[in-house]
Structures are given as C-alpha cells and as structure tokens.
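Peer 1: One file is attached below, input.txt, containing compact mmCIF, C-alpha atoms.
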# COMPACT_ATOMS: atom_id res chain seq x y z
CA MET A 27 88.44 97.60 126.19
CA LYS A 28 90.68 100.65 126.21
CA LYS A 29 94.02 100.24 124.46
CA THR A 30 97.23 102.16 123.94
CA PHE A 31 97.61 103.20 120.30
CA GLY A 32 100.84 104.30 118.66
CA VAL A 33 100.16 106.38 115.56
CA ILE A 34 103.39 106.74 113.58
CA GLY A 35 104.05 108.74 110.42
CA GLY A 36 101.71 109.76 107.62
CA ASP A 37 99.88 112.96 106.84
CA ARG A 38 97.22 115.05 108.53
CA ARG A 39 94.73 112.16 108.46
CA GLN A 40 97.01 110.29 110.91
CA ALA A 41 97.02 113.29 113.24
CA GLU A 42 93.22 113.37 113.05
CA LEU A 43 93.17 109.61 113.67
CA GLY A 44 95.07 110.14 116.92
CA ARG A 45 92.54 112.74 118.03
CA LEU A 46 89.62 110.45 117.21
CA LEU A 47 91.14 107.55 119.12
CA ALA A 48 91.84 109.77 122.12
CA GLY A 49 88.27 111.08 121.93
CA ASP A 50 87.06 107.48 122.21
CA GLY A 51 88.94 107.18 125.51
CA HIS A 52 92.08 105.39 124.33
CA PHE A 53 95.62 106.39 125.32
CA VAL A 54 97.42 107.69 122.21
CA ARG A 55 101.11 108.17 121.45
CA THR A 56 102.13 109.78 118.16
CA TYR A 57 105.35 110.33 116.25
CA GLY A 58 106.19 112.19 113.04
CA LEU A 59 103.07 114.37 113.00
CA GLU A 60 104.28 117.43 114.88
CA ARG A 61 103.34 119.94 112.18
CA TRP A 62 99.66 119.15 112.83
CA LYS A 63 99.96 119.46 116.64
CA PRO A 64 98.74 115.92 117.38
CA VAL A 65 97.77 114.44 120.72
CA GLY A 66 100.42 112.41 122.54
CA ALA A 67 103.44 113.61 120.54
CA GLY A 68 106.70 112.04 121.66
CA THR A 69 109.59 109.83 120.60
CA LEU A 70 109.52 107.03 118.06
CA ASP A 71 110.44 104.46 120.70
CA ARG A 72 107.58 105.59 122.93
CA ALA A 73 105.00 105.32 120.14
CA ALA A 74 106.45 102.00 118.99
CA ALA A 75 105.94 100.50 122.47
CA SER A 76 102.12 100.73 122.23
CA ASP A 77 99.65 97.83 122.28
CA VAL A 78 98.48 98.66 118.75
CA VAL A 79 100.75 100.42 116.26
CA ILE A 80 99.03 102.16 113.33
CA LEU A 81 101.31 103.02 110.42
CA PRO A 82 100.32 105.30 107.54
CA LEU A 83 98.50 104.89 104.24
CA PRO A 84 100.52 104.30 102.16
CA LEU A 85 103.12 102.71 104.43
CA CYS A 86 106.10 103.84 102.34
CA ARG A 87 106.95 107.20 100.80
CA GLY A 88 110.02 105.89 98.98
CA ASP A 89 111.90 102.65 98.57
CA GLY A 90 112.07 101.20 102.08
CA VAL A 91 111.35 104.54 103.77
CA LEU A 92 108.38 105.17 106.04
CA ASN A 93 105.82 107.70 104.83
CA CYS A 94 106.68 110.32 107.45
CA GLU A 95 106.91 114.12 107.26
CA GLU A 96 109.43 114.49 110.10
CA GLY A 97 112.37 112.65 108.59
CA ALA A 98 113.58 109.56 106.76
CA VAL A 99 112.78 106.50 108.85
CA PRO A 100 113.76 103.21 107.15
CA THR A 101 111.00 100.65 107.64
CA ALA A 102 113.59 98.03 108.63
CA ASP A 103 114.73 100.30 111.47
CA LEU A 104 111.15 100.89 112.58
CA PHE A 105 110.32 97.18 112.60
CA ARG A 106 113.34 96.46 114.84
CA ARG A 107 111.68 98.67 117.48
CA LEU A 108 108.49 96.56 117.48
CA GLN A 109 107.68 93.28 119.20
CA PRO A 110 106.04 90.09 117.85
CA GLY A 111 103.13 90.36 120.30
CA GLN A 112 101.97 93.77 119.06
CA ARG A 113 99.14 94.44 116.61
CA ILE A 114 100.77 96.28 113.71
CA LEU A 115 98.46 97.83 111.13
CA ALA A 116 99.43 99.69 107.95
CA GLY A 117 98.01 100.68 104.58
CA GLN A 118 99.21 99.46 101.16
CA VAL A 119 101.96 97.23 102.53
CA ARG A 120 104.57 96.35 99.91
CA PRO A 121 106.08 92.85 99.64
CA GLN A 122 109.50 94.16 100.73
CA GLN A 123 108.09 95.55 103.98
CA ARG A 124 106.11 92.38 104.62
CA ARG A 125 109.32 90.36 104.27
CA GLU A 126 111.22 92.75 106.58
CA ALA A 127 108.56 92.33 109.25
CA GLU A 128 108.29 88.55 108.90
CA ALA A 129 112.07 88.20 109.28
CA LEU A 130 111.67 89.73 112.76
CA GLY A 131 108.66 87.61 113.69
CA LEU A 132 106.20 90.49 113.13
CA THR A 133 102.85 90.39 111.38
CA VAL A 134 101.77 93.55 109.57
CA GLU A 135 98.05 93.67 108.77
CA ASP A 136 97.01 95.78 105.80
CA TYR A 137 93.91 97.74 106.79
CA PHE A 138 93.54 99.06 103.23
CA LEU A 139 92.53 95.57 102.11
CA ARG A 140 89.20 96.06 103.87
CA GLU A 141 86.52 96.87 101.31
CA GLU A 142 84.70 99.38 103.51
CA LEU A 143 87.87 101.47 103.84
CA ALA A 144 88.77 101.18 100.16
CA VAL A 145 85.29 102.41 99.18
CA ALA A 146 85.37 105.30 101.66
CA ASN A 147 88.83 106.28 100.39
CA ALA A 148 87.64 106.09 96.78
CA ALA A 149 84.68 108.35 97.56
CA ALA A 150 86.93 110.92 99.22
CA THR A 151 89.40 110.71 96.33
CA ALA A 152 86.64 111.28 93.75
CA GLU A 153 85.31 114.26 95.68
CA GLY A 154 88.82 115.68 96.04
CA ALA A 155 89.48 115.24 92.33
CA VAL A 156 86.36 117.23 91.46
CA GLN A 157 87.35 119.97 93.93
CA THR A 158 90.89 120.16 92.52
CA ALA A 159 89.62 120.23 88.94
CA MET A 160 87.19 123.06 89.69
CA GLU A 161 90.01 125.06 91.28
CA ARG A 162 92.32 124.53 88.30
CA LEU A 163 89.93 124.92 85.38
CA ASP A 164 88.99 128.30 83.91
CA ARG A 165 85.56 126.97 82.87
CA THR A 166 82.75 124.99 84.40
CA LEU A 167 82.42 121.22 84.38
CA LEU A 168 78.95 121.68 82.88
CA GLY A 169 79.23 120.52 79.27
CA LEU A 170 82.95 119.73 79.56
CA ASP A 171 84.18 116.53 77.89
CA CYS A 172 85.91 114.54 80.64
CA LEU A 173 87.86 111.30 80.27
CA VAL A 174 88.17 108.91 83.23
CA LEU A 175 90.83 106.25 82.67
CA GLY A 176 89.86 103.09 84.52
CA PHE A 177 86.53 102.00 85.98
CA GLY A 178 87.45 100.62 89.37
CA ARG A 179 86.18 102.06 92.65
CA ILE A 180 87.57 105.55 92.05
CA GLY A 181 86.69 105.56 88.36
CA LYS A 182 83.08 104.61 89.05
CA LEU A 183 82.58 107.21 91.78
CA LEU A 184 84.41 109.96 89.90
CA SER A 185 82.41 109.34 86.73
CA CYS A 186 79.19 109.56 88.75
CA ARG A 187 80.17 112.87 90.36
CA LEU A 188 81.32 114.44 87.09
CA HIS A 189 78.12 113.32 85.37
CA GLY A 190 76.07 114.80 88.22
CA LEU A 191 77.71 118.17 87.61
CA GLY A 192 76.78 118.08 83.94
CA ALA A 193 80.07 116.95 82.42
CA ARG A 194 80.05 114.73 79.34
CA VAL A 195 81.79 111.64 80.72
CA THR A 196 83.79 109.07 78.80
CA ALA A 197 85.24 106.20 80.86
CA THR A 198 87.67 103.50 79.83
CA ALA A 199 88.06 99.86 80.82
CA ARG A 200 89.72 96.71 79.54
CA ARG A 201 87.13 94.07 80.39
CA PRO A 202 83.95 93.76 78.29
CA GLU A 203 81.76 93.57 81.42
CA ASP A 204 83.16 96.89 82.68
CA LEU A 205 82.58 98.50 79.29
CA ALA A 206 79.01 97.26 79.46
CA TRP A 207 78.54 98.86 82.88
CA ILE A 208 79.97 102.15 81.61
CA ARG A 209 77.37 102.21 78.84
CA ALA A 210 74.63 101.16 81.28
CA TYR A 211 75.38 104.20 83.44
CA GLY A 212 74.95 106.42 80.38
CA TYR A 213 78.60 107.29 79.79
CA ARG A 214 80.57 106.86 76.61
CA ALA A 215 82.84 103.78 76.76
CA LEU A 216 86.34 103.33 75.32
CA GLU A 217 88.80 100.48 75.63
CA THR A 218 91.79 101.57 77.72
CA GLY A 219 94.29 100.22 75.21
CA LYS A 220 92.57 101.69 72.15
CA LEU A 221 92.60 105.46 72.67
CA ASP A 222 94.50 106.47 69.52
CA GLY A 223 92.44 109.00 67.56
CA CYS A 224 89.82 109.43 70.30
CA LEU A 225 91.39 112.14 72.49
CA GLY A 226 91.03 115.40 70.62
CA ALA A 227 87.95 116.82 72.40
CA PHE A 228 88.67 116.29 76.10
CA GLY A 229 88.99 119.25 78.43
CA ALA A 230 90.00 117.13 81.43
CA VAL A 231 91.57 113.70 81.86
CA PHE A 232 91.57 111.81 85.17
CA ASN A 233 93.71 108.68 85.44
CA THR A 234 92.93 106.01 88.05
CA VAL A 235 94.99 103.17 86.51
CA PRO A 236 98.24 102.38 88.42
CA PHE A 237 100.36 101.64 85.36
CA PRO A 238 101.27 103.62 82.20
CA VAL A 239 98.28 104.06 79.90
CA LEU A 240 98.73 107.52 78.39
CA GLY A 241 101.95 108.96 77.05
CA GLY A 242 104.00 109.93 74.03
CA PRO A 243 101.94 110.31 70.84
CA LEU A 244 98.64 109.92 72.71
CA LEU A 245 99.34 112.98 74.88
CA ALA A 246 99.99 115.02 71.75
CA GLN A 247 96.42 114.33 70.64
CA LEU A 248 94.92 116.10 73.66
CA PRO A 249 94.02 119.80 73.43
CA PRO A 250 96.83 122.09 74.72
CA ASP A 251 94.66 123.41 77.55
CA CYS A 252 93.46 119.99 78.73
CA LEU A 253 93.66 119.47 82.49
CA MET A 254 95.44 116.18 83.22
CA MET A 255 95.20 114.72 86.69
CA ASP A 256 96.78 111.44 87.80
CA LEU A 257 95.03 109.91 90.82
CA ALA A 258 96.82 106.55 90.78
CA SER A 259 99.45 105.43 93.28
CA VAL A 260 101.78 104.75 90.33
CA ARG A 261 101.83 107.26 87.50
CA GLY A 262 99.65 106.28 84.58
CA ILE A 263 100.21 109.43 82.49
CA GLU A 264 103.77 109.65 81.18
CA ALA A 265 104.26 113.37 80.60
CA ALA A 266 107.17 114.61 78.53
CA GLU A 267 109.54 117.21 79.99
CA ASP A 268 108.52 119.75 77.36
CA GLY A 269 104.86 118.70 77.37
CA PRO A 270 101.83 119.95 79.30
CA GLU A 271 101.76 119.65 83.09
CA VAL A 272 100.28 116.53 84.66
CA LEU A 273 99.03 117.02 88.18
CA TRP A 274 99.90 113.95 90.26
CA ALA A 275 97.16 114.21 92.87
CA ARG A 276 98.09 111.45 95.30
CA SER A 277 96.61 111.09 98.81
CA LEU A 278 93.80 113.57 98.20
CA PRO A 279 91.77 112.31 101.21
CA GLY A 280 94.67 113.01 103.57
CA ARG A 281 95.09 116.55 102.23
CA LEU A 282 91.53 117.68 101.51
CA SER A 283 89.29 115.65 103.84
CA PRO A 284 91.58 114.39 106.63
CA ARG A 285 88.89 114.12 109.30
CA SER A 286 86.63 111.92 107.18
CA ALA A 287 89.61 109.90 105.97
CA ALA A 288 90.76 109.39 109.57
CA ALA A 289 87.29 108.27 110.66
CA ALA A 290 87.29 105.63 107.92
CA VAL A 291 90.71 104.34 109.04
CA ARG A 292 89.61 104.31 112.69
CA ASP A 293 86.50 102.28 111.86
CA ALA A 294 88.57 99.78 109.85
CA VAL A 295 91.01 99.42 112.76
CA TYR A 296 88.17 98.81 115.21
CA TYR A 297 86.68 96.14 112.93
CA ILE A 298 90.06 94.40 112.71
CA LEU A 299 90.50 94.42 116.49
CA LEU A 300 86.97 93.12 117.03
CA GLU A 301 87.70 90.19 114.74
CA GLU A 302 90.60 88.93 116.89
Written as structure tokens, how would this file's structure read?

Peer 2:
Amino acid sequence: MKKTFGVIGGDRRQAELGRLLAGDGHFVRTYGLERWKPVGAGTLDRAAASDVVILPLPLCRGDGVLNCEEGAVPTADLFRRLQPGQRILAGQVRPQQRREAEALGLTVEDYFLREELAVANAAATAEGAVQTAMERLDRTLLGLDCLVLGFGRIGKLLSCRLHGLGARVTATARRPEDLAWIRAYGYRALETGKLDGCLGAFGAVFNTVPFPVLGGPLLAQLPPDCLMMDLASVRGIEAAEDGPEVLWARSLPGRLSPRSAAAAVRDAVYYILLEE
C-alpha cells in the first residue's frame, strides 16, 4: 500500500532515501535536506504531517538537537509537531529523546536496532574506512601494521578488508571468545585493556570502541606518522591538543556511500512496516 513518508533531517543518505521511496511510488515530503536537492522539499510542518516520519541516523547531532544540516531543531519541538497515531522511525535513539516522545504519547521506533541494517552499515563503514585510509596514507596498506580496536561488527569487517589488501592486522577485544575468534581468522590478538608496550610498530590505528581506550601515555608509544582514525559514535581515542591528529570519521556511509546506505535504511523501514 502506498504511503506518505516524511523524511526529516540527516545527511545525503536521507536525501537519497527520499528519492528511493518516491521511486517506489510513495508520496515523499522532505525537510532539512535542501543542499542535496531532494524530492518533495518543503516546510517542517508539512513533512511532520506524513503517515510515516523517518528521522535521521543518528537522531541527534548534539544534546537534544536534531541531526539536521539546515538549522538547529530541538527534538522536543519536533515531537510537538507529531501525532500519536503516526509511525515515527529514527536511528540511534537516545533515552532523553525516547522520554520526550513518550511524554507526548509518541512511540519512536529505532530502525538501527535491526540486525540487517546494523550489518549493512558496518560493511559500508569498513569500506569507507579503507578508502579514507588509502587517501590519507603516503604508503600502501600492503605490509602495513594495522591495529583495529574492538571486534564487533565494524571491527570484524574492517579487519577482513585490511587483511585482504595485505595489511598485517592486529585486533583487540576484551572477551576471551572474541580473542579466540581473532586468532582463528589469522590476525594477531591483543586485549583491549592491555596495550601498554605493544603499540610501537603500527602505521594505522582504527578505533571502533565507543568509549575511551587509547590516550595519554599510550598515544605517545605510537609512531609519529601513524594514521589514527576513530570510527566510533563516541570518541575512543583521546588525542592531546599538542599531539598527532586523530581523524574522527563518523557517518562514513552517509558521506561516502549514501545511495547504498539509503537503500539499507529503506529496506529496514519496509520490514518494520510489514511487521505491523
């Protein structure tokens, strides 16, 4: 059944999402995506009056502020424009925003909790991390010692891609079973909390852990020309002001592969609606 979708805020992947939905025959209203010339651009109230409202991934850019390029829209103000009968979908919904919505009788469904979307996003993030590293490095990944902090979805896929390009991969984890899997894949394994004295040879470090794991004296052990890239939603590499640059590469799928990222979000939304 054809529906009216309101696509509000986000990055280029949201603009591509609107185009994909319109291509499937749905009526689409968008807001906050004007720089990407989206379909159905209009006012916030018009987009918020749709049958299904799709908010960005992540939902917030700052504390209580919608992730939106066109201006600061407090999430509390946005929720007051919505109605309890609407389907409201968003990615990485924080507890504060869930409470704001519930106080108004709204239910916000987190589409990023779906495993198929999380895996697709991790694959796009891993591919984007490799692309960014190759653009920044002055040497090949072949034979380069690379450290991947964390062995979740992104860590697994990134380690695989780096290994496939000939890098010497070391991955870290906290749980013994994850360390066993790292060794089983043929990578070197280190415990995330026991990195002191083990960092001197790495030419690139990729963090996927969303809490501080590398900073202070540990950073000083890395080579001066080491590429450091933080892929986590919360910084895991605590760089000093006078220390080497740490590239915080958030939302790589939205910037580097927006069409594929949008297709993954669209599919997750369709699955959610089918499960009504």

Peer 1: Would you kindly return, as a PyMOL selection string, each protein, DNA or RNA residue with an atom no farther than 10 Å from any atom of A:Leu47, considering all atoms listed in the file and excluding same-chain residues fewer than 3 positions away?

Peer 2: chain A and resi 28-31+33+42-44+50-54+65+288-289+292

Peer 1: What's around stretch 134-139 of chain A at 6 Å? Count only C-alpha atoms, leave out sequence neighbours fewer than 5 positions away in its own chain, and write the answer as a PyMOL selection string.

Peer 2: chain A and resi 114-117

Peer 1: Counting all atoms listed in the file, figure out which residue out of A:Leu225, A:Val91, A:Ile180, A:Leu300 gets nearest to A:Ala144.

Peer 2: A:Ile180

Peer 1: Give me the residues of stretch 186-261 of chain A that have any atom at most 7 Å from an atom of stretch 148-169 of chain A; for each, the nearest atom pair and the distance in Å, rounded to one decimal. Use all atoms listed in the file, sort by chain and number, and format it as JSON lines.

Peer 2:
{"residue": "A:Leu191", "atom": "CA", "partner": "A:Leu168", "partner_atom": "CA", "distance": 6.0}
{"residue": "A:Gly192", "atom": "CA", "partner": "A:Leu168", "partner_atom": "CA", "distance": 4.3}
{"residue": "A:Ala193", "atom": "CA", "partner": "A:Gly169", "partner_atom": "CA", "distance": 4.8}
{"residue": "A:Arg194", "atom": "CA", "partner": "A:Gly169", "partner_atom": "CA", "distance": 5.8}

Peer 1: Quick one: everything within 7 Å of A:Ala287, counting all atoms listed in the file, minus sequence neighbours fewer than 6 positions away in the same chain. Send it as an NGL selection string.

Peer 2: :A and (39 or 147 or 279-280)

Peer 1: Hey, which of A:Arg45, A:Arg38, A:Lys182, A:Arg187 ends up closest to A:Arg209? Count all atoms listed in the file.

Peer 2: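 Among the listed residues, the smallest separation from A:Arg209 belongs to A:Lys182.
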
Peer 1: Of the candidates A:Glu264, A:Glu141, A:Asp71, A:Asp89, which one gets nearest to A:Gln122 if we count only C-alpha atoms?

Peer 2: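 So, comparing all the options, the nearest one is A:Asp89.
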
Peer 1: With distances taken over only C-alpha atoms, which of A:Leu248, A:Ser277, A:Asp103, A:Pro121 is nearest to A:Ala265?

Peer 2: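 Nearest candidate to A:Ala265 out of A:Leu248, A:Ser277, A:Asp103, A:Pro121: A:Leu248.
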
Peer 1: For A:Gln40, which residue out of A:Asp251, A:Glu271, A:Glu142, A:Glu60 is the nearest one, using only C-alpha atoms?

Peer 2: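 That would be A:Glu60, the residue with the smallest distance to A:Gln40.
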
Peer 1: One decimal, Å: what's the distance from atom CA of A:Val78 over to atom CA of A:Gly111, could you say?

Peer 2: 9.6 Å

Peer 1: Please determine, counting only C-alpha atoms, which residue among A:Ala146, A:Ala199, A:Ala230, A:Leu92 has the shortest atom-to-atom distance to A:Pro250.

Peer 2: A:Ala230

Peer 1: Atom CA of A:Gln123 to atom CA of A:Leu108: how many Å, to one decimal?

Peer 2: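 Straight-line distance from atom CA of A:Gln123 to atom CA of A:Leu108 works out to 13.5 Å.
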
Peer 1: Can you take the partial stretch 30-53 of chain A, add N, CA, C and O atoms, and return it as a PDB file, in the frame of the given file?

Peer 2:
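Output below, filename rebuild_27.pdb:
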ATOM      1  N   THR A  30      96.240 101.136 124.239  1.00  0.00           N
ATOM      2  CA  THR A  30      97.230 102.160 123.940  1.00  0.00           C
ATOM      3  C   THR A  30      97.580 102.063 122.453  1.00  0.00           C
ATOM      4  O   THR A  30      98.004 101.010 121.981  1.00  0.00           O
ATOM      5  N   PHE A  31      97.352 103.153 121.734  1.00  0.00           N
ATOM      6  CA  PHE A  31      97.610 103.200 120.300  1.00  0.00           C
ATOM      7  C   PHE A  31      98.847 104.043 120.018  1.00  0.00           C
ATOM      8  O   PHE A  31      98.976 105.164 120.534  1.00  0.00           O
ATOM      9  N   GLY A  32      99.732 103.518 119.180  1.00  0.00           N
ATOM     10  CA  GLY A  32     100.840 104.300 118.660  1.00  0.00           C
ATOM     11  C   GLY A  32     100.575 104.644 117.216  1.00  0.00           C
ATOM     12  O   GLY A  32     100.440 103.748 116.371  1.00  0.00           O
ATOM     13  N   VAL A  33     100.450 105.923 116.920  1.00  0.00           N
ATOM     14  CA  VAL A  33     100.160 106.380 115.560  1.00  0.00           C
ATOM     15  C   VAL A  33     101.442 107.003 115.016  1.00  0.00           C
ATOM     16  O   VAL A  33     101.889 108.054 115.497  1.00  0.00           O
ATOM     17  N   ILE A  34     102.048 106.367 114.026  1.00  0.00           N
ATOM     18  CA  ILE A  34     103.390 106.740 113.580  1.00  0.00           C
ATOM     19  C   ILE A  34     103.377 107.113 112.104  1.00  0.00           C
ATOM     20  O   ILE A  34     102.951 106.331 111.249  1.00  0.00           O
ATOM     21  N   GLY A  35     103.867 108.312 111.802  1.00  0.00           N
ATOM     22  CA  GLY A  35     104.050 108.740 110.420  1.00  0.00           C
ATOM     23  C   GLY A  35     102.742 109.088 109.724  1.00  0.00           C
ATOM     24  O   GLY A  35     101.663 109.065 110.310  1.00  0.00           O
ATOM     25  N   GLY A  36     102.880 109.444 108.434  1.00  0.00           N
ATOM     26  CA  GLY A  36     101.710 109.760 107.620  1.00  0.00           C
ATOM     27  C   GLY A  36     101.478 111.240 107.473  1.00  0.00           C
ATOM     28  O   GLY A  36     102.354 112.073 107.699  1.00  0.00           O
ATOM     29  N   ASP A  37     100.247 111.576 107.094  1.00  0.00           N
ATOM     30  CA  ASP A  37      99.880 112.960 106.840  1.00  0.00           C
ATOM     31  C   ASP A  37      98.858 113.416 107.880  1.00  0.00           C
ATOM     32  O   ASP A  37      98.725 112.810 108.942  1.00  0.00           O
ATOM     33  N   ARG A  38      98.128 114.469 107.548  1.00  0.00           N
ATOM     34  CA  ARG A  38      97.220 115.050 108.530  1.00  0.00           C
ATOM     35  C   ARG A  38      96.120 114.078 108.953  1.00  0.00           C
ATOM     36  O   ARG A  38      95.602 114.154 110.068  1.00  0.00           O
ATOM     37  N   ARG A  39      95.777 113.124 108.072  1.00  0.00           N
ATOM     38  CA  ARG A  39      94.730 112.160 108.460  1.00  0.00           C
ATOM     39  C   ARG A  39      95.183 111.333 109.655  1.00  0.00           C
ATOM     40  O   ARG A  39      94.361 110.954 110.493  1.00  0.00           O
ATOM     41  N   GLN A  40      96.513 111.047 109.761  1.00  0.00           N
ATOM     42  CA  GLN A  40      97.010 110.290 110.910  1.00  0.00           C
ATOM     43  C   GLN A  40      96.917 111.114 112.192  1.00  0.00           C
ATOM     44  O   GLN A  40      96.622 110.590 113.266  1.00  0.00           O
ATOM     45  N   ALA A  41      97.180 112.424 112.067  1.00  0.00           N
ATOM     46  CA  ALA A  41      97.020 113.290 113.240  1.00  0.00           C
ATOM     47  C   ALA A  41      95.562 113.320 113.688  1.00  0.00           C
ATOM     48  O   ALA A  41      95.257 113.273 114.891  1.00  0.00           O
ATOM     49  N   GLU A  42      94.652 113.399 112.722  1.00  0.00           N
ATOM     50  CA  GLU A  42      93.220 113.370 113.050  1.00  0.00           C
ATOM     51  C   GLU A  42      92.830 112.011 113.630  1.00  0.00           C
ATOM     52  O   GLU A  42      91.985 111.933 114.537  1.00  0.00           O
ATOM     53  N   LEU A  43      93.443 110.944 113.135  1.00  0.00           N
ATOM     54  CA  LEU A  43      93.170 109.610 113.670  1.00  0.00           C
ATOM     55  C   LEU A  43      93.533 109.546 115.147  1.00  0.00           C
ATOM     56  O   LEU A  43      92.779 108.988 115.961  1.00  0.00           O
ATOM     57  N   GLY A  44      94.685 110.114 115.509  1.00  0.00           N
ATOM     58  CA  GLY A  44      95.070 110.140 116.920  1.00  0.00           C
ATOM     59  C   GLY A  44      94.055 110.862 117.768  1.00  0.00           C
ATOM     60  O   GLY A  44      93.706 110.413 118.873  1.00  0.00           O
ATOM     61  N   ARG A  45      93.545 111.985 117.268  1.00  0.00           N
ATOM     62  CA  ARG A  45      92.540 112.740 118.030  1.00  0.00           C
ATOM     63  C   ARG A  45      91.247 111.949 118.179  1.00  0.00           C
ATOM     64  O   ARG A  45      90.609 111.980 119.243  1.00  0.00           O
ATOM     65  N   LEU A  46      90.849 111.247 117.135  1.00  0.00           N
ATOM     66  CA  LEU A  46      89.620 110.450 117.210  1.00  0.00           C
ATOM     67  C   LEU A  46      89.768 109.302 118.209  1.00  0.00           C
ATOM     68  O   LEU A  46      88.853 109.030 118.995  1.00  0.00           O
ATOM     69  N   LEU A  47      90.907 108.640 118.192  1.00  0.00           N
ATOM     70  CA  LEU A  47      91.140 107.550 119.120  1.00  0.00           C
ATOM     71  C   LEU A  47      91.158 108.049 120.561  1.00  0.00           C
ATOM     72  O   LEU A  47      90.585 107.427 121.467  1.00  0.00           O
ATOM     73  N   ALA A  48      91.811 109.187 120.780  1.00  0.00           N
ATOM     74  CA  ALA A  48      91.840 109.770 122.120  1.00  0.00           C
ATOM     75  C   ALA A  48      90.440 110.180 122.554  1.00  0.00           C
ATOM     76  O   ALA A  48      90.061 110.012 123.722  1.00  0.00           O
ATOM     77  N   GLY A  49      89.639 110.699 121.618  1.00  0.00           N
ATOM     78  CA  GLY A  49      88.270 111.080 121.930  1.00  0.00           C
ATOM     79  C   GLY A  49      87.400 109.892 122.317  1.00  0.00           C
ATOM     80  O   GLY A  49      86.412 110.052 123.037  1.00  0.00           O
ATOM     81  N   ASP A  50      87.786 108.695 121.847  1.00  0.00           N
ATOM     82  CA  ASP A  50      87.060 107.480 122.210  1.00  0.00           C
ATOM     83  C   ASP A  50      87.533 106.915 123.546  1.00  0.00           C
ATOM     84  O   ASP A  50      87.055 105.843 123.971  1.00  0.00           O
ATOM     85  N   GLY A  51      88.484 107.602 124.182  1.00  0.00           N
ATOM     86  CA  GLY A  51      88.940 107.180 125.510  1.00  0.00           C
ATOM     87  C   GLY A  51      90.202 106.350 125.531  1.00  0.00           C
ATOM     88  O   GLY A  51      90.620 105.891 126.596  1.00  0.00           O
ATOM     89  N   HIS A  52      90.843 106.163 124.377  1.00  0.00           N
ATOM     90  CA  HIS A  52      92.080 105.390 124.330  1.00  0.00           C
ATOM     91  C   HIS A  52      93.276 106.282 124.657  1.00  0.00           C
ATOM     92  O   HIS A  52      93.227 107.508 124.480  1.00  0.00           O
ATOM     93  N   PHE A  53      94.369 105.668 125.093  1.00  0.00           N
ATOM     94  CA  PHE A  53      95.620 106.390 125.320  1.00  0.00           C
ATOM     95  C   PHE A  53      96.393 106.393 124.008  1.00  0.00           C
ATOM     96  O   PHE A  53      96.603 105.334 123.411  1.00  0.00           O
TER      97      PHE A  53
END
